[in-house]
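Chemist: What follows is coords_35.txt, compact mmCIF, C-alpha atoms (C1' of nucleotides).
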```
# COMPACT_ATOMS: atom_id res chain seq x y z
CA MET A 1 120.62 -147.36 211.32
CA ARG A 2 120.45 -145.09 214.31
CA LEU A 3 117.56 -142.63 214.07
CA ALA A 4 117.30 -139.73 216.50
CA SER A 5 114.59 -137.13 217.02
CA TRP A 6 115.26 -133.90 218.86
CA ASN A 7 113.37 -130.69 219.49
CA VAL A 8 116.45 -128.47 219.34
CA ASN A 9 114.68 -125.20 220.23
CA SER A 10 116.56 -123.09 217.65
CA ILE A 11 119.15 -124.76 215.43
CA ARG A 12 121.22 -121.58 215.30
CA ALA A 13 121.50 -121.39 219.07
CA ARG A 14 122.17 -125.15 219.33
CA ILE A 15 124.33 -125.93 216.30
CA ASP A 16 127.56 -126.70 218.20
CA ARG A 17 125.75 -129.06 220.56
CA VAL A 18 123.84 -130.72 217.72
CA ILE A 19 126.98 -131.41 215.66
CA ALA A 20 128.76 -132.72 218.75
CA PHE A 21 125.76 -134.94 219.52
CA LEU A 22 125.74 -136.48 216.03
CA ASP A 23 129.35 -137.51 216.49
CA ARG A 24 129.14 -138.59 220.13
CA ALA A 25 125.93 -140.60 219.67
CA ASN A 26 126.88 -141.97 216.23
CA VAL A 27 123.60 -140.80 214.69
CA ASP A 28 122.76 -141.70 211.09
CA VAL A 29 119.53 -139.73 210.75
CA LEU A 30 118.46 -136.79 212.91
CA ALA A 31 114.91 -135.41 212.75
CA MET A 32 114.80 -131.93 214.26
CA GLN A 33 111.90 -129.83 215.47
CA GLU A 34 111.66 -126.14 216.40
CA ILE A 35 114.57 -125.09 214.22
CA LYS A 36 113.18 -121.54 214.47
CA CYS A 37 114.55 -120.28 211.16
CA ARG A 38 114.10 -120.16 207.40
CA PRO A 39 116.13 -122.37 205.06
CA ASP A 40 118.43 -119.46 204.13
CA GLN A 41 119.28 -119.08 207.83
CA PHE A 42 119.87 -122.79 208.46
CA PRO A 43 123.52 -123.77 209.17
CA THR A 44 123.57 -126.33 206.37
CA GLU A 45 127.33 -126.18 205.88
CA ARG A 46 127.98 -127.39 209.42
CA PHE A 47 126.03 -130.57 208.67
CA THR A 48 127.65 -130.96 205.25
CA ALA A 49 131.09 -130.70 206.82
CA ALA A 50 130.08 -133.45 209.26
CA GLY A 51 129.01 -135.71 206.40
CA TYR A 52 125.23 -135.18 206.46
CA GLU A 53 122.75 -134.07 203.86
CA VAL A 54 120.02 -131.74 205.10
CA ALA A 55 116.45 -130.90 204.24
CA CYS A 56 114.70 -128.16 206.15
CA HIS A 57 111.32 -126.49 206.20
CA GLY A 58 110.92 -123.23 208.09
CA LEU A 59 108.87 -120.09 207.47
CA HIS A 60 110.07 -117.73 210.22
CA GLN A 61 111.28 -117.71 213.83
CA TYR A 62 108.56 -120.07 215.04
CA ASN A 63 108.25 -123.83 214.54
CA GLY A 64 110.26 -125.31 211.68
CA VAL A 65 111.46 -128.88 211.06
CA ALA A 66 114.51 -130.46 209.45
CA ILE A 67 116.14 -133.80 208.71
CA ALA A 68 119.87 -134.54 208.53
CA SER A 69 121.02 -137.87 207.11
CA ARG A 70 124.30 -139.59 206.27
CA VAL A 71 122.55 -142.59 204.68
CA GLY A 72 120.92 -140.68 201.84
CA LEU A 73 118.20 -138.05 201.63
CA ALA A 74 115.64 -138.11 198.82
CA ASP A 75 111.99 -137.49 197.95
CA VAL A 76 111.62 -134.59 200.37
CA ALA A 77 108.06 -133.53 201.20
CA GLU A 78 107.00 -130.44 203.11
CA SER A 79 103.83 -130.99 205.17
CA PHE A 80 101.79 -134.20 205.13
CA PRO A 81 98.71 -134.73 202.91
CA GLY A 82 95.74 -133.09 204.59
CA GLN A 83 97.82 -131.16 207.12
CA PRO A 84 95.53 -128.47 208.57
CA SER A 85 96.29 -124.78 208.42
CA PHE A 86 95.98 -122.31 211.27
CA ALA A 87 94.41 -118.88 210.87
CA LYS A 88 95.13 -116.09 213.31
CA ALA A 89 92.16 -113.84 214.02
CA GLY A 90 91.32 -111.87 210.88
CA GLU A 91 94.06 -113.47 208.80
CA GLU A 92 94.35 -116.10 206.09
CA GLY A 93 95.13 -119.64 207.22
CA VAL A 94 98.74 -120.81 206.98
CA VAL A 95 100.01 -124.38 206.76
CA GLU A 96 102.78 -124.07 209.33
CA ALA A 97 106.23 -125.70 209.07
CA ARG A 98 105.49 -128.68 211.29
CA ALA A 99 106.14 -131.76 209.15
CA LEU A 100 108.92 -132.79 206.80
CA GLY A 101 109.34 -136.19 205.16
CA ALA A 102 112.32 -137.72 203.37
CA MET A 103 113.65 -141.09 202.27
CA CYS A 104 116.72 -141.86 204.38
CA GLY A 105 118.16 -145.10 203.08
CA ASP A 106 115.15 -147.38 202.73
CA VAL A 107 113.21 -145.68 205.53
CA ARG A 108 110.67 -142.90 205.02
CA VAL A 109 111.29 -140.53 207.93
CA TRP A 110 108.84 -137.82 209.00
CA SER A 111 109.95 -135.10 211.41
CA VAL A 112 106.80 -133.91 213.17
CA TYR A 113 106.16 -130.95 215.47
CA VAL A 114 102.63 -131.11 216.88
CA PRO A 115 101.15 -127.75 217.98
CA ASN A 116 101.43 -127.08 221.70
CA GLY A 117 97.79 -126.09 222.19
CA ARG A 118 98.59 -123.30 224.69
CA THR A 119 95.41 -123.59 226.79
CA LEU A 120 92.29 -125.74 226.54
CA ASP A 121 90.14 -122.76 225.51
CA ASP A 122 92.61 -121.40 222.96
CA PRO A 123 92.05 -121.90 219.20
CA HIS A 124 95.50 -123.50 219.17
CA TYR A 125 94.12 -126.41 221.16
CA ALA A 126 91.46 -127.26 218.56
CA TYR A 127 94.22 -126.88 215.97
CA LYS A 128 96.38 -129.35 217.90
CA LEU A 129 93.60 -131.95 217.94
CA GLU A 130 92.88 -131.46 214.25
CA PHE A 131 96.57 -131.74 213.42
CA LEU A 132 96.85 -135.07 215.24
CA ARG A 133 93.65 -136.44 213.73
CA ALA A 134 94.69 -135.43 210.22
CA LEU A 135 98.11 -137.02 210.72
CA ALA A 136 96.49 -140.26 211.88
CA ARG A 137 94.34 -140.26 208.72
CA ALA A 138 97.43 -139.70 206.54
CA ALA A 139 99.35 -142.41 208.41
CA GLY A 140 96.68 -145.05 207.87
CA PRO A 141 97.79 -146.00 204.34
CA TRP A 142 101.48 -145.54 205.25
CA ALA A 143 101.32 -148.17 207.95
CA SER A 144 100.99 -150.96 205.40
CA GLU A 145 103.30 -149.51 202.74
CA GLY A 146 106.79 -150.17 204.06
CA PRO A 147 109.36 -148.94 206.58
CA ILE A 148 108.10 -145.57 207.83
CA ALA A 149 109.05 -143.61 210.95
CA LEU A 150 107.04 -140.73 212.40
CA VAL A 151 109.21 -139.07 215.00
CA GLY A 152 109.10 -135.79 216.81
CA ASP A 153 107.61 -133.61 219.50
CA TRP A 154 104.00 -134.76 219.94
CA ASN A 155 103.14 -132.42 222.81
CA VAL A 156 101.03 -135.11 224.48
CA ALA A 157 101.86 -137.07 227.64
CA PRO A 158 99.93 -140.32 227.04
CA LEU A 159 100.20 -141.78 230.55
CA ASP A 160 99.76 -140.17 233.96
CA THR A 161 103.30 -141.37 234.74
CA ASP A 162 104.61 -139.41 231.73
CA ILE A 163 104.45 -136.18 233.71
CA TRP A 164 105.78 -135.03 237.05
CA SER A 165 102.47 -133.45 238.08
CA LEU A 166 99.05 -133.70 236.50
CA ASP A 167 98.18 -130.41 238.15
CA ALA A 168 100.84 -128.29 236.46
CA PRO A 169 98.80 -125.66 234.61
CA GLU A 170 101.04 -125.76 231.53
CA ALA A 171 100.38 -129.52 231.29
CA ALA A 172 96.60 -129.34 230.82
CA THR A 173 96.84 -129.42 227.02
CA HIS A 174 99.21 -132.41 227.22
CA VAL A 175 97.19 -134.73 229.44
CA ALA A 176 93.63 -133.85 228.36
CA ARG A 177 91.53 -136.86 227.37
CA ASP A 178 90.88 -135.71 223.81
CA ALA A 179 94.56 -134.90 223.26
CA ARG A 180 95.53 -138.37 224.42
CA GLU A 181 92.77 -139.86 222.31
CA ALA A 182 93.98 -137.96 219.24
CA LEU A 183 97.49 -139.30 219.75
CA ALA A 184 96.19 -142.83 220.32
CA ALA A 185 94.75 -142.68 216.80
CA ILE A 186 98.32 -142.78 215.49
CA GLU A 187 98.72 -146.21 217.09
CA ARG A 188 95.31 -147.31 215.91
CA ALA A 189 96.49 -146.42 212.40
CA GLY A 190 98.93 -149.29 212.83
CA LEU A 191 102.09 -147.59 214.07
CA GLU A 192 104.01 -148.68 217.16
CA GLU A 193 105.77 -146.29 219.51
CA LEU A 194 109.27 -147.72 220.00
CA SER A 195 110.79 -145.73 222.87
CA ARG A 196 108.11 -147.14 225.16
CA ARG A 197 108.92 -150.69 224.03
CA TYR A 198 112.50 -150.38 225.32
CA LEU A 199 112.06 -147.69 227.99
CA PRO A 200 108.82 -148.50 229.85
CA GLU A 201 109.97 -147.15 233.22
CA PRO A 202 107.48 -144.61 234.68
CA HIS A 203 108.69 -141.00 234.88
CA THR A 204 111.04 -141.41 231.94
CA TYR A 205 110.97 -137.88 230.55
CA THR A 206 112.09 -136.14 227.36
CA PHE A 207 111.28 -132.53 228.26
CA TRP A 208 111.99 -130.33 231.27
CA ASP A 209 110.85 -126.71 231.28
CA TYR A 210 113.53 -124.05 231.60
CA GLN A 211 111.55 -122.42 234.40
CA GLN A 212 111.32 -123.34 238.08
CA LEU A 213 114.43 -125.53 238.08
CA ARG A 214 112.41 -128.30 236.48
CA PHE A 215 115.44 -130.33 235.32
CA PRO A 216 117.42 -130.37 238.58
CA ARG A 217 114.18 -131.15 240.39
CA GLY A 218 113.43 -134.05 238.08
CA GLU A 219 110.12 -132.49 237.01
CA GLY A 220 109.59 -133.30 233.35
CA MET A 221 107.25 -134.68 230.72
CA ARG A 222 107.47 -137.49 228.20
CA ILE A 223 106.21 -135.93 224.97
CA ASP A 224 108.75 -136.91 222.31
CA PHE A 225 108.09 -140.24 220.60
CA ALA A 226 109.15 -142.45 217.70
CA TYR A 227 106.36 -144.26 215.86
CA ALA A 228 107.10 -146.89 213.23
CA SER A 229 105.18 -148.95 210.71
CA PRO A 230 105.20 -152.75 211.24
CA ALA A 231 107.80 -153.18 208.48
CA LEU A 232 110.16 -150.92 210.41
CA ALA A 233 109.14 -151.75 213.98
CA SER A 234 110.20 -155.36 213.42
CA ARG A 235 113.72 -154.10 212.71
CA ALA A 236 114.03 -152.08 215.96
CA ARG A 237 116.51 -153.39 218.50
CA ALA A 238 117.02 -150.63 221.07
CA ALA A 239 115.99 -147.13 222.13
CA ALA A 240 117.45 -144.43 224.35
CA ILE A 241 116.72 -140.95 225.65
CA ASP A 242 119.89 -138.89 225.86
CA ARG A 243 119.24 -137.10 229.13
CA ALA A 244 122.80 -135.76 229.15
CA GLU A 245 121.82 -133.36 226.37
CA ARG A 246 119.52 -131.52 228.78
CA LYS A 247 122.45 -130.74 231.07
CA GLY A 248 124.70 -127.73 231.19
CA ALA A 249 124.61 -124.25 229.73
CA GLY A 250 123.02 -123.86 226.32
CA ALA A 251 120.86 -126.99 226.43
CA SER A 252 117.57 -127.40 224.62
CA ASP A 253 114.62 -128.01 226.93
CA HIS A 254 114.12 -131.38 225.15
CA ALA A 255 116.40 -134.42 225.12
CA PRO A 256 116.97 -136.50 221.96
CA VAL A 257 115.09 -139.79 221.53
CA MET A 258 117.00 -142.49 219.64
CA VAL A 259 116.02 -145.81 218.09
CA ASP A 260 118.33 -148.42 216.51
CA PHE A 261 117.22 -150.48 213.52
CA VAL A 262 118.88 -153.42 211.84
CA ASP A 263 118.97 -153.58 208.05
CA ALA A 264 116.05 -155.16 206.24
CA PRO A 265 116.40 -158.93 205.78
CA GLY A 266 118.12 -159.62 202.50
CA SER A 267 119.34 -156.06 202.05
CA VAL A 268 122.74 -155.66 200.46
CA VAL A 269 125.29 -153.53 202.28
CA PRO A 270 127.25 -151.56 199.64
C1' DA B 1 121.90 -119.31 248.48
C1' DT B 2 116.98 -114.52 249.34
C1' DG B 3 117.83 -116.92 243.38
C1' DA B 4 113.27 -116.85 239.68
C1' DC B 5 113.69 -119.45 231.50
C1' DT B 6 114.95 -119.21 226.67
C1' DT B 7 114.67 -117.78 221.83
C1' DG B 8 114.36 -114.41 217.95
C1' DG B 9 112.59 -110.12 216.11
C1' DA B 10 112.53 -105.43 216.24
C1' DC B 11 113.84 -103.66 220.24
C1' DA B 12 114.90 -102.77 225.38
C1' DC B 13 109.47 -105.06 224.90
C1' DC B 14 107.00 -108.87 222.93
C1' DA B 15 105.21 -113.56 221.23
C1' DA B 16 105.80 -118.30 221.85
C1' DG B 17 106.89 -122.41 224.03
C1' DA B 18 104.63 -126.37 227.48
```
For the structure just supplied, provide its representation as structure tokens.

Modeler:
Amino acid sequence: MRLASWNVNSIRARIDRVIAFLDRANVDVLAMQEIKCRPDQFPTERFTAAGYEVACHGLHQYNGVAIASRVGLADVAESFPGQPSFAKAGEEGVVEARALGAMCGDVRVWSVYVPNGRTLDDPHYAYKLEFLRALARAAGPWASEGPIALVGDWNVAPLDTDIWSLDAPEAATHVARDAREALAAIERAGLEELSRRYLPEPHTYTFWDYQQLRFPRGEGMRIDFAYASPALASRARAAAIDRAERKGAGASDHAPVMVDFVDAPGSVVP
DNA sequence: ATGACTTGGACACCAAGA
């Protein structure tokens, strides 16, 4: 099974590229982030025509996550247990559309979009830390349950070599010690990050800002990752970052991250 | 080379991203 994760930065603006990518990269399951629409606006029929089932969770033009699968899609869950809400000043808290889980074949796949954080003194930054900590708590029991993948846009650059410049002001929320610590809790919960296993080269990026010619200058960040439980990590064989998807007109600012898994030992291929 | 980000919503500006 080939599993891909991609912050598409609007599924409606990116649908042609996404469908072409599924075919070109031979993707079985695609976890999307930042779909930027509600379910009634999601181009479901384009995925159906390509042979994929779709689940999506979106509240409005911000955030939003989805999963497309051609190996089955069942037991869909919006938000993870204990997912924190965010309250704008003077408003009720809202559990934002940042996590979606589904059974895809025998793998439980979660598409995750961690809050950006904006700036270190912004309420969104505390929200980001709480989101990561709550997800690590939820993932603790999952790690020993079976094949589970947590993939998405984590908005944290764990290593100094995961970013072109530690001094970029927009990077502060992605390299801060407590942000990195909050992400490390996911690994301490027993999950392994698989893109790093196969792609350890420093300055291997998954995101390049639209501004300041970041992509042509090679100035990016590595913030998209694929975590897996031991039962799934043992079945991983390869990973790739599809840098080509950042090229050309109409590209997302993120590239897809892909991981290949072999079938479980003893599984029967229908 | 004298450039300068993209998206969606209500609107020709703004919030949000990172």

Chemist: Counting only C-alpha atoms (C1' of nucleotides), which residues have an atom no more than 12 Å from (116.0, -114.9, 221.4) in the file's coordinates? Please list them as a PyMOL selection string.

Modeler: (chain A and resi 9-13+36-37+61-62) or (chain B and resi 5-11+14-16)

Chemist: Only residues of chain A matter here; which ones have an atom within 6 Å of chain B, counting only C-alpha atoms (C1' of nucleotides)? Give them as a list of chain:residue names.

Modeler: A:Glu170, A:Tyr210, A:Gln211

Chemist: Would you compute the distance between CA of Pro115 in chain A and CA of Arg214 in chain A? Give it in Å to one decimal.

Modeler: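 Between CA of Pro115 in chain A and CA of Arg214 in chain A the gap works out to 21.7 Å.
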
Chemist: I need the residue nearest Ala233 in chain A from this list: A:Arg246, A:Ala251, A:Ser144, A:Thr161. Use only C-alpha atoms for the distance.

Modeler: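 Among the listed residues, A:Ser144 lies closest to Ala233 in chain A.
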
Chemist: Tell me, as a PyMOL selection string, which residues lie within 12 Å of Leu129 in chain A, counting all atoms listed in the file; anything in the same chain fewer than 6 positions away does not count.

Modeler: chain A and resi 83-84+86+114-117+120+122-123+135-136+154-156+173-174+176-185

Chemist: For the residues in that selection, give me C-alpha atoms as a JSON list (two decimals), in the coordinates of the input.

Modeler:
```json
[["chain", "number", "residue", "atom", "x", "y", "z"],
["A", 83, "GLN", "CA", 97.82, -131.16, 207.12],
["A", 84, "PRO", "CA", 95.53, -128.47, 208.57],
["A", 86, "PHE", "CA", 95.98, -122.31, 211.27],
["A", 114, "VAL", "CA", 102.63, -131.11, 216.88],
["A", 115, "PRO", "CA", 101.15, -127.75, 217.98],
["A", 116, "ASN", "CA", 101.43, -127.08, 221.70],
["A", 117, "GLY", "CA", 97.79, -126.09, 222.19],
["A", 120, "LEU", "CA", 92.29, -125.74, 226.54],
["A", 122, "ASP", "CA", 92.61, -121.40, 222.96],
["A", 123, "PRO", "CA", 92.05, -121.90, 219.20],
["A", 135, "LEU", "CA", 98.11, -137.02, 210.72],
["A", 136, "ALA", "CA", 96.49, -140.26, 211.88],
["A", 154, "TRP", "CA", 104.00, -134.76, 219.94],
["A", 155, "ASN", "CA", 103.14, -132.42, 222.81],
["A", 156, "VAL", "CA", 101.03, -135.11, 224.48],
["A", 173, "THR", "CA", 96.84, -129.42, 227.02],
["A", 174, "HIS", "CA", 99.21, -132.41, 227.22],
["A", 176, "ALA", "CA", 93.63, -133.85, 228.36],
["A", 177, "ARG", "CA", 91.53, -136.86, 227.37],
["A", 178, "ASP", "CA", 90.88, -135.71, 223.81],
["A", 179, "ALA", "CA", 94.56, -134.90, 223.26],
["A", 180, "ARG", "CA", 95.53, -138.37, 224.42],
["A", 181, "GLU", "CA", 92.77, -139.86, 222.31],
["A", 182, "ALA", "CA", 93.98, -137.96, 219.24],
["A", 183, "LEU", "CA", 97.49, -139.30, 219.75],
["A", 184, "ALA", "CA", 96.19, -142.83, 220.32],
["A", 185, "ALA", "CA", 94.75, -142.68, 216.80]]
```

Chemist: So the first atom is CA of Asp253 in chain A and the second is CA of Trp110 in chain A; what is the distance between them in Å, to one decimal place?

Modeler: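 CA of Trp110 in chain A lies at a distance of 21.2 Å from CA of Asp253 in chain A.
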
Chemist: What does the distance between CA of Trp142 in chain A and CA of Ala77 in chain A come to in Å, to one decimal place?

Modeler: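 About the pair CA of Trp142 in chain A and CA of Ala77 in chain A: they are 14.3 Å apart.
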